[in-house]
Amino acid sequence: MKLLVRADASVEIGMGHRVRCQALVSAFEELGWQCQFVMDRRYQAFGSTKDSFVDTEAQFWHVAEQADLVILDHYGYRAADIRRLYQHQPNLLVLDDMNDRGVFPAKWLLNPLSQDYSEQIEWLLTGSQYALLRPAFQRSYHSAGDSLSHVSQPNKLLITLGGTDPLALTLPILKGLLWSGFPKEDIQILLGANAKNADQVIALCNEQAIAYKQGLADVTPLMKQAKMAISAAGGTLFELACMGVPTVFAQVADNQTRSLEQHVPLGWCRAVRFDHVSDALRGQQVAYLVEALNRCWGDLQWQENASEIARRIVDGNGAKRVAKKVSAYFGVF
C-alpha cells in the first residue's frame with residue numbers, strides 16, 4: 001500500500017506540519033505501508049532527498065492518483081482546493097487545527113482538538129487521543145511518570161520556540177529572563193536547525209554559560225529534565241503535555257488559537273500572544289511572559305497539579321491510533 005503525505009515546510013510555514021506527519025509516517029510504516037512526502041519544490045531545502053517535489057498542482061494530482069492514500073497537512077489548501085484534490089483521490093486524510101477553511105469532503109479528518117465538522121467528512125478523528133507525537137514520546141511516557149514520582153526531579157526551564165522560531169523570540173525572552181534575575185544555570189535553550197537569530201542566541205549562551213542544544217532529533221531527554229517550559233504553541237504543546245511539563249506558551253501563529261483556547265482553561269499552562277502584536281509592543285509581551293514564568297516557577301503546588309493534568313490529556317499513542325483506524329479500512333492490520 002502506498003501513502004503520500006503533502007506537507008510543506010519553510011521558515012514562514014514552520015516545521016510543525018512536517019514533524020507531526022513524520023509521526024504518522026512512522027506509525028503507517030510499522031503496518032507495512034510505503035510512505036513518501038510530497039513538497040513544493042520551492043521548499044526542498046527543508047525536505048529530504050527521499051521526498052518527491054512538484055512544481056504545480058496538476059503534478060501533485062497526478063501522483064496522488066497513483067497512491068492508495070493521501071495525507072494533506074497544508075494550510076495553503078482552502079475548501080475549494082481540498083475539493084479538487086478529493087476528486088483526484090477520495091482516500092484523503094486531512095489534518096486540521098482551526099476549522100476555518102469552509103466545508104470540504106474527505107474520507108478522514110484529523111484534529112487533536114474537539115471540534116465539529118460537516119457531514120461531508122466520512123470519519124472524524126478528533127480529540128487529544130489523536131495528537132500526533134513521534135515514537136520517542138510514546139517510549140518516554142511512563143519514564144516521565146517516574147520523574148513525577150520523585151525518582152528524578154526535573155529542575156530546568158526549557159525554552160523552545162519551534163523549528164524556525166518565526167518571530168525570533170528566543171533572544172528577547174532569554175534577555176528578559178536574565179534581566180529579571182532568573183538563575184541562568186537553570187536555563188536550557190533548544191534551538192531548531194533553522195531557527196532565526198540562532199547565531200546571536202548561541203553567542204549569548206556562550207557568554208553567559210547557558211546550556212543550549214540545536215537541531216536535536218530526539219528532544220525527550222531535555223523535556224524529562226524540564227521543571228517548566230517556555231514554548232511556541234504548535235505541535236510542541238502536545239509533546240510537553242505528554243511529558244507532563246507545565247508551560248508558558250508564546251503564541252506565534254493564528255493556527256495556535258484554538259489549541260490554547262482549549263488547553264489554558266484546563267490549568268496546566270499559561271499563554272501570551274505574539275502573532276497579532278506590532279514590533280513596537282513585542283517587548284511588552286515579552287515582559288508579560290517573563291513575569292508569568294517567574295510567578296509560576298515558584299509555585300510548586302501549581303506545577304505538581306499542572307503536570308498531572310497535562311499527562312492525563314496526551315499519552316503519545318495518537319499516531320498509532322490513526323494508522324490502525326485508517327489501515328483497517330484497507331484491510332491492513
# chains A, B, ... in the order shown; residues from 1 in each chain; ligands from 1
>>> residues_around(residues="Ser10 (chain A)", least_positions_apart="4", cutoff="10 Å", atoms="only C-alpha atoms", output="PyMOL selection string")
chain A and resi 14-16+18+42-47+163-164+166+194
>>> residues_around(residues="Phe182 (chain A)", least_positions_apart="6", cutoff="10 Å", atoms="only C-alpha atoms", output="PyMOL selection string")
chain A and resi 157+174+176+290+293-294+297
>>> residues_around(residues="region 131-137 of chain A", least_positions_apart="3", cutoff="9 Å", atoms="only C-alpha atoms", output="compact mmCIF listing (two decimals) with N, CA, C and O atoms, in the first residue's frame")
# COMPACT_ATOMS: atom_id res chain seq x y z
N VAL A 19 6.84 17.64 11.08
CA VAL A 19 7.14 16.82 12.26
C VAL A 19 5.97 15.91 12.61
O VAL A 19 6.15 14.71 12.86
N ARG A 20 4.75 16.47 12.66
CA ARG A 20 3.64 15.62 13.07
C ARG A 20 3.29 14.59 12.00
O ARG A 20 2.85 13.49 12.33
N CYS A 21 3.52 14.94 10.73
CA CYS A 21 3.28 13.94 9.68
C CYS A 21 4.33 12.84 9.72
O CYS A 21 4.04 11.70 9.35
N GLN A 22 5.54 13.17 10.14
CA GLN A 22 6.56 12.13 10.28
C GLN A 22 6.15 11.12 11.33
O GLN A 22 6.43 9.91 11.19
N ALA A 23 5.46 11.59 12.37
CA ALA A 23 4.94 10.66 13.39
C ALA A 23 3.93 9.71 12.75
O ALA A 23 3.93 8.50 13.04
N LEU A 24 3.06 10.24 11.90
CA LEU A 24 2.10 9.39 11.20
C LEU A 24 2.80 8.40 10.27
O LEU A 24 2.44 7.22 10.20
N SER A 26 5.75 7.11 10.55
CA SER A 26 6.36 6.04 11.34
C SER A 26 5.32 4.99 11.73
O SER A 26 5.58 3.78 11.66
N ALA A 27 4.12 5.46 12.11
CA ALA A 27 3.07 4.53 12.52
C ALA A 27 2.56 3.71 11.34
O ALA A 27 2.31 2.50 11.47
N LEU A 110 -8.60 14.67 10.72
CA LEU A 110 -7.86 14.51 11.96
C LEU A 110 -7.61 15.88 12.60
O LEU A 110 -7.05 16.78 11.96
N ASN A 111 -8.05 16.03 13.84
CA ASN A 111 -7.81 17.26 14.60
C ASN A 111 -7.65 16.87 16.07
O ASN A 111 -8.57 16.29 16.65
N PRO A 112 -6.51 17.17 16.68
CA PRO A 112 -6.32 16.80 18.09
C PRO A 112 -7.15 17.65 19.06
O PRO A 112 -7.07 17.44 20.26
N LEU A 113 -7.93 18.58 18.51
CA LEU A 113 -8.86 19.35 19.32
C LEU A 113 -10.28 18.86 19.07
O LEU A 113 -10.56 18.28 18.01
N THR A 126 -11.10 13.16 16.09
CA THR A 126 -10.90 14.41 16.79
C THR A 126 -10.72 14.16 18.29
O THR A 126 -11.26 13.23 18.85
N GLY A 127 -9.93 15.03 18.89
CA GLY A 127 -9.66 14.94 20.32
C GLY A 127 -8.19 14.65 20.60
O GLY A 127 -7.44 14.21 19.72
N SER A 128 -7.78 14.90 21.84
CA SER A 128 -6.36 14.80 22.20
C SER A 128 -5.82 13.37 22.11
O SER A 128 -4.61 13.18 22.04
N SER A 140 8.74 7.42 26.07
CA SER A 140 9.11 8.22 27.24
C SER A 140 7.95 8.48 28.19
O SER A 140 8.16 9.00 29.28
N TYR A 141 6.73 8.11 27.80
CA TYR A 141 5.55 8.49 28.58
C TYR A 141 5.63 7.97 30.01
O TYR A 141 5.45 8.71 30.97
N ASP A 218 15.88 13.98 18.84
CA ASP A 218 15.07 13.49 19.96
C ASP A 218 15.15 14.51 21.10
O ASP A 218 16.19 14.68 21.72
N VAL A 219 14.03 15.17 21.35
CA VAL A 219 14.01 16.22 22.37
C VAL A 219 13.51 15.70 23.71
O VAL A 219 13.49 16.46 24.70
N THR A 220 13.12 14.45 23.78
CA THR A 220 12.54 13.94 25.03
C THR A 220 13.50 13.99 26.22
O THR A 220 13.06 14.25 27.34
N GLY A 235 2.74 21.94 17.55
CA GLY A 235 2.72 20.54 17.97
C GLY A 235 3.46 20.29 19.26
O GLY A 235 3.19 19.30 19.96
N THR A 236 4.39 21.19 19.61
CA THR A 236 5.13 21.03 20.86
C THR A 236 4.21 21.06 22.06
O THR A 236 4.53 20.50 23.12
N PHE A 238 1.45 19.48 22.53
CA PHE A 238 1.04 18.12 22.86
C PHE A 238 2.23 17.29 23.37
O PHE A 238 2.07 16.41 24.21
N GLU A 239 3.44 17.60 22.86
CA GLU A 239 4.62 16.90 23.35
C GLU A 239 4.88 17.23 24.81
O GLU A 239 5.16 16.33 25.62
N CYS A 242 2.32 15.54 27.03
CA CYS A 242 2.64 14.12 27.18
C CYS A 242 3.73 13.90 28.21
O CYS A 242 3.69 12.94 28.99
N MET A 243 4.70 14.80 28.26
CA MET A 243 5.82 14.68 29.18
C MET A 243 5.54 15.32 30.54
O MET A 243 6.38 15.29 31.43
N VAL A 314 -2.64 13.65 27.10
CA VAL A 314 -1.96 13.06 25.93
C VAL A 314 -1.09 11.90 26.39
O VAL A 314 -0.29 12.05 27.31
N ASP A 315 -1.23 10.74 25.72
CA ASP A 315 -0.44 9.57 26.11
C ASP A 315 0.60 9.14 25.08
O ASP A 315 1.30 8.16 25.27
N GLY A 316 0.69 9.87 23.95
CA GLY A 316 1.72 9.57 22.96
C GLY A 316 1.34 8.53 21.93
O GLY A 316 2.12 8.24 21.03
N ASN A 317 0.13 7.94 22.02
CA ASN A 317 -0.25 6.87 21.11
C ASN A 317 -1.16 7.32 19.97
O ASN A 317 -1.73 6.49 19.26
N GLY A 318 -1.31 8.63 19.78
CA GLY A 318 -2.23 9.14 18.78
C GLY A 318 -1.95 8.68 17.37
O GLY A 318 -2.86 8.29 16.63
N ALA A 319 -0.68 8.72 16.96
CA ALA A 319 -0.33 8.34 15.59
C ALA A 319 -0.67 6.87 15.33
O ALA A 319 -1.17 6.51 14.26
N LYS A 320 -0.42 6.01 16.31
CA LYS A 320 -0.75 4.60 16.15
C LYS A 320 -2.26 4.39 16.04
O LYS A 320 -2.72 3.55 15.26
N VAL A 322 -4.46 6.48 14.82
CA VAL A 322 -4.87 6.92 13.49
C VAL A 322 -4.49 5.88 12.44
O VAL A 322 -5.31 5.50 11.59
>>> residues_around(residues="Thr257 (chain A)", least_positions_apart="2", cutoff="10 Å", atoms="only C-alpha atoms", output="list in words")
Asp97, Met98, Ala233, Gly234, Gln251, Val252, Ala253, Asp254, Asn255, Ser259, Leu260, Glu261, Gln262, Arg273 and Asp275 of chain A
>>> select_by_dssp(residues="region 97-253 of chain A", states="alpha helix (DSSP H)", output="JSON, numbers by chain")
{"A": [135, 136, 137, 138, 139, 140, 141, 142, 143, 144, 145, 146, 147, 148, 170, 171, 172, 173, 174, 175, 176, 177, 178, 179, 180, 198, 199, 200, 201, 202, 203, 204, 205, 206, 207, 208, 220, 221, 222, 223, 224, 236, 237, 238, 239, 240, 241, 242]}
>>> select_by_dssp(residues="region 131-296 of chain A", states="strand (DSSP E)", output="number ranges by chain")
A: 156-160, 187-191, 211-214, 226-232, 247-251, 269-273
>>> write_last_selection(atoms="C-alpha atoms", output="short mmCIF file (atom, residue, chain, number, x, y, z; two decimals), in the first residue's frame")
data_model
loop_
_atom_site.label_atom_id
_atom_site.label_comp_id
_atom_site.auth_asym_id
_atom_site.auth_seq_id
_atom_site.Cartn_x
_atom_site.Cartn_y
_atom_site.Cartn_z
CA LYS A 156 15.39 23.08 34.22
CA LEU A 157 13.49 25.79 32.38
CA LEU A 158 13.32 24.60 28.77
CA ILE A 159 12.97 27.37 26.17
CA THR A 160 11.93 26.10 22.74
CA ILE A 187 18.00 27.57 31.74
CA GLN A 188 18.15 25.08 28.85
CA ILE A 189 17.79 26.53 25.34
CA LEU A 190 16.60 24.32 22.49
CA LEU A 191 17.03 25.80 19.00
CA ALA A 211 23.18 25.41 28.24
CA TYR A 212 21.88 25.10 24.68
CA LYS A 213 21.26 22.48 22.02
CA GLN A 214 20.39 22.90 18.36
CA ALA A 226 12.29 20.33 32.43
CA LYS A 227 10.55 21.60 35.54
CA MET A 228 8.76 24.10 33.28
CA ALA A 229 8.97 25.32 29.69
CA ILE A 230 8.53 28.40 27.57
CA SER A 231 7.40 27.20 24.17
CA ALA A 232 5.62 28.02 20.94
CA THR A 247 4.37 25.57 30.22
CA VAL A 248 4.00 29.26 29.45
CA PHE A 249 3.21 29.34 25.73
CA ALA A 250 4.13 32.08 23.30
CA GLN A 251 1.50 32.09 20.57
CA CYS A 269 -0.39 26.03 31.01
CA ARG A 270 -0.43 29.80 30.51
CA ALA A 271 -0.23 31.77 27.25
CA VAL A 272 0.91 35.14 25.90
CA ARG A 273 0.03 36.13 22.36
#
>>> residues_around(residues="Glu304 (chain A)", least_positions_apart="4", cutoff="9 Å", atoms="only C-alpha atoms", output="ChimeraX atom specification")
/A:148,246,299-300,308-309
>>> write_last_selection(atoms="N, CA, C and O atoms", output="compact mmCIF listing (two decimals), in the first residue's frame")
# COMPACT_ATOMS: atom_id res chain seq x y z
N LEU A 148 7.86 12.22 37.87
CA LEU A 148 6.84 12.84 38.70
C LEU A 148 6.75 12.16 40.05
O LEU A 148 6.25 12.72 41.01
N PRO A 246 4.67 21.65 32.81
CA PRO A 246 3.89 22.90 32.86
C PRO A 246 4.58 23.95 32.00
O PRO A 246 5.81 24.09 32.03
N ASP A 299 5.75 28.42 42.25
CA ASP A 299 4.50 27.82 42.75
C ASP A 299 4.57 26.31 42.55
O ASP A 299 4.07 25.76 41.57
N LEU A 300 5.16 25.61 43.50
CA LEU A 300 5.38 24.17 43.36
C LEU A 300 4.08 23.38 43.36
O LEU A 300 3.97 22.35 42.67
N GLU A 308 0.22 16.66 36.44
CA GLU A 308 -0.73 15.56 36.46
C GLU A 308 -1.84 15.78 35.44
O GLU A 308 -2.25 14.84 34.73
N ILE A 309 -2.33 17.01 35.34
CA ILE A 309 -3.38 17.33 34.36
C ILE A 309 -2.86 17.09 32.94
O ILE A 309 -3.53 16.46 32.12
>>> atom_distance(atom1="CA of Leu125 (chain A)", atom2="CA of Tyr329 (chain A)")
13.8 Å
>>> residues_around(residues="Gly267 (chain A)", least_positions_apart="3", cutoff="9 Å", atoms="only C-alpha atoms", output="PyMOL selection string")
chain A and resi 263-264+270+302+305-306+309-310
>>> atom_distance(atom1="CA of Tyr77 (chain A)", atom2="CA of Ser278 (chain A)")
27.2 Å
>>> closest_residue(among="A:Lys196, A:Lys2, A:Arg321, A:Arg78", to="Phe333 (chain A)", atoms="only C-alpha atoms")
A:Arg321
>>> closest_residue(among="A:His62, A:Leu266, A:Tyr130, A:Ser180", to="Arg295 (chain A)", atoms="only C-alpha atoms")
A:Ser180
>>> closest_residue(among="A:Gly192, A:Gly102, A:Pro172, A:Gly76", to="Tyr117 (chain A)", atoms="only C-alpha atoms")
A:Gly102
>>> atom_distance(atom1="CA of Phe104 (chain A)", atom2="CA of Ile121 (chain A)")
7.5 Å
>>> closest_residue(among="A:Val277, A:Val103, A:Val326, A:Leu169", to="Ile71 (chain A)", atoms="only C-alpha atoms")
A:Val326
>>> closest_residue(among="A:Ala58, A:Ala64, A:Ala9, A:Leu31", to="Tyr86 (chain A)", atoms="only C-alpha atoms")
A:Ala64
>>> closest_residue(among="A:Leu3, A:Lys50, A:Arg101, A:Arg282", to="Gly32 (chain A)", atoms="only C-alpha atoms")
A:Leu3
